[in-house]
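Okay, so here's the structure we're looking at.
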Amino acid sequence: LPTSVTAQLSSPQALRANAAPLTVALLIAYELAAPRGGATLSALCAQQDAASRSAVGATQPKRGALLRHVFSIGSLLACDARDDLLIAQLRLALLIIEKALEGSASAPLLLSADLGGSLPMWTFSGVHVVESALPSPQPLLAGGYTLIASLLVQNLRKATFHPPLYLQALTLLHKLLVAQHRASQKLPLLKWSEVWNALFTTSDFISHDDVFNGRGVAEVGLRVLELINLLITLGDSLLPSSATFEAFAYELVRRHRTFEKLYRVSRKAAPRVVGAMELTRSMIVEALEAMSKMEPGRASNLSSAEALDVIRGLNPTVKPEAAAALLKPPSYMKPHDQLALSQSLMRVLLTHCRRDGSLAPLHYEDLAR
């Protein structure tokens, strides 16, 4: 990936200035990840990064440098995904991660305990892009959660809300959670609160009538609720501890007005969303019923210990068939849709590059070979 981007990330302007080489690099990375169960991508990631190794005074490069770059670039793209080129690049980066997760040869890279440590990640804070690094040791799965949580929160704008991007990100998050559960991994260093707060914030955004009526938004609501149901169902078998699950349940109940708004708008436009809310609402109702039995003054001024007692008393019932369905993540993009995405990105790239001359005199036919 372009050194000028990966070594000197400071703002989204760096992405636009290197749009052509970055897009070509992502297209090549996708072609490496897609075939043979990710065997080619896995073989490349097992090698040392030649550029890093040859640099004077460079430290020993991380195994899996190529895949780590994809996660880092994805986090920067997610800071301000509002124009066509950045959205297409971000969607391709998410698709590369999904292909790596599904490949029999490349999936172990995402689950390996050492590849995510010190991974550079970028978030948008006010008017600045802020760099941070994942704590060590962590698998690249943690980078996926961090990337998607940031993406969900940072791009909630009514004028430029992009349901296909959100559907793809939420589907990938579902697949990452299931992969972690099947690998029996716990991620104690991950900021899990950022994951569920991103889901709750997205729920609040789409629960407004003027947003929910948009094309594809109801489907986004359905995916968010499926993920909340998955966290409820797996509980501390997925989350690091019972205390982490209690913190999630507490925040879910605290935000009950968000889900009542979502329930209200869904009853008119999306019955499937109402059905998916059954488990979430049962937990909220159970907690509110427990609080209603208290004296009014006490219920409105619960201490943290009293609120925790209420949360610990919750006993959500999940039917076996519902739990089994949640462990089969839906597929958002079929193979022909993935191919169409990569082709559309090439067209967007050519439009951009013909405008600034950065790829002249290359033509679409040359890139498509």
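Ordering of the structure tokens sets the chain letters (A, B, ...), residue numbers begin anew at 1 in every chain, and ligands are numbered from 1 in the order given.
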Using DSSP on the backbone coordinates, identify all residues within range 38-229 of chain A classified as alpha helix (DSSP H); present the result as a PyMOL selection string.
chain A and resi 39-45+50-54+65-77+84-102+107-111+140-154+163-182+192-206+209-212+217-229
Sel. of strand (DSSP E) residues, range 117-330 of chain A, as JSON, numbers by chain:
{"A": [120, 121, 122, 123, 124, 125, 128, 129, 130, 131, 132, 133]}
Could those residues be written to a file, using C-alpha atoms, as a short mmCIF file (atom, residue, chain, number, x, y, z; two decimals), in the first residue's frame?
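Below you can see result_38.cif, which holds the result:
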```
data_model
loop_
_atom_site.label_atom_id
_atom_site.label_comp_id
_atom_site.auth_asym_id
_atom_site.auth_seq_id
_atom_site.Cartn_x
_atom_site.Cartn_y
_atom_site.Cartn_z
CA PRO A 120 -2.52 1.89 14.26
CA MET A 121 -6.15 3.03 14.09
CA TRP A 122 -7.65 6.45 13.32
CA THR A 123 -10.84 8.08 14.57
CA PHE A 124 -12.46 11.43 13.84
CA SER A 125 -12.76 13.66 16.89
CA HIS A 128 -9.22 16.37 13.96
CA VAL A 129 -8.23 12.84 13.00
CA VAL A 130 -6.73 11.15 16.05
CA GLU A 131 -4.29 8.23 15.92
CA SER A 132 -4.29 5.46 18.53
CA ALA A 133 -2.97 1.91 18.77
#
```
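For the set A:Leu44, A:Ala88, A:Ile73, A:Ile228, the residue with the smallest atom-to-atom gap to Leu345 in chain A is A:Ala88, counting only C-alpha atoms.
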Restricting the calculation to only C-alpha atoms: of A:Ala20, A:Leu141, A:Leu189, A:Ala39, which residue gets closest to Ala105 in chain A?
A:Ala39
With only C-alpha atoms as the counted atoms, please give the residues lying no more than 10 Å from His181 in chain A, apart from itself and same-chain residues fewer than 5 positions off, as a ChimeraX atom specification.
/A:175-176,186,234,237-239,327
Writing out the chosen residues with C-alpha atoms as a CSV table (one decimal), in the first residue's frame:
```
chain,number,residue,atom,x,y,z
A,175,LYS,CA,-19.6,-12.6,11.1
A,176,LEU,CA,-16.7,-11.4,13.3
A,186,LYS,CA,-12.3,-13.7,24.7
A,234,LEU,CA,-24.2,-15.3,23.9
A,237,SER,CA,-19.8,-16.8,26.7
A,238,LEU,CA,-18.7,-14.1,24.1
A,239,LEU,CA,-18.0,-11.1,26.3
A,327,LEU,CA,-25.2,-18.1,14.7
```
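Using only C-alpha atoms, the residues found no farther than 9 Å from Thr201 in chain A, other than those of its own chain fewer than 2 positions away, are Leu152, Val153, Leu156, Trp196, Asn197, Ala198, Leu199, Ser203, Asp204, Phe205, Ile206 and Thr258 of chain A.
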Neighbouring residues of Leu111 in chain A were defined as those with any atom within 6 Å, considering only C-alpha atoms; residues of the same chain fewer than 2 positions away were excluded. Please report them as an MDAnalysis selection string.
chainID A and resid 108:109 139
Show which residues sit within 6 Å of Leu134 in chain A, as a PyMOL selection string. Count only C-alpha atoms, and ignore same-chain residues fewer than 6 positions away.
chain A and resi 117-119
Given only C-alpha atoms as the counted atoms, nearest of A:Leu222, A:Val274, A:Ala78, A:Leu350 to Thr171 in chain A:
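That would be A:Leu222, the residue with the smallest distance to Thr171 in chain A.
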Atomic distance CA of Thr146 in chain A - CA of Ser207 in chain A, expressed in Å with one decimal:
23.8 Å
Closest to Arg91 in chain A among A:Leu187, A:Leu167, A:Val265, A:Val253, using only C-alpha atoms?
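Closest to Arg91 in chain A of all the choices is A:Leu167.
One distance worth recording is that between CA of His162 in chain A and CA of Tyr30 in chain A, which is 22.1 Å.
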Between CA of Ala113 in chain A and CA of Gln185 in chain A, what is the spacing in Å?
9.4 Å
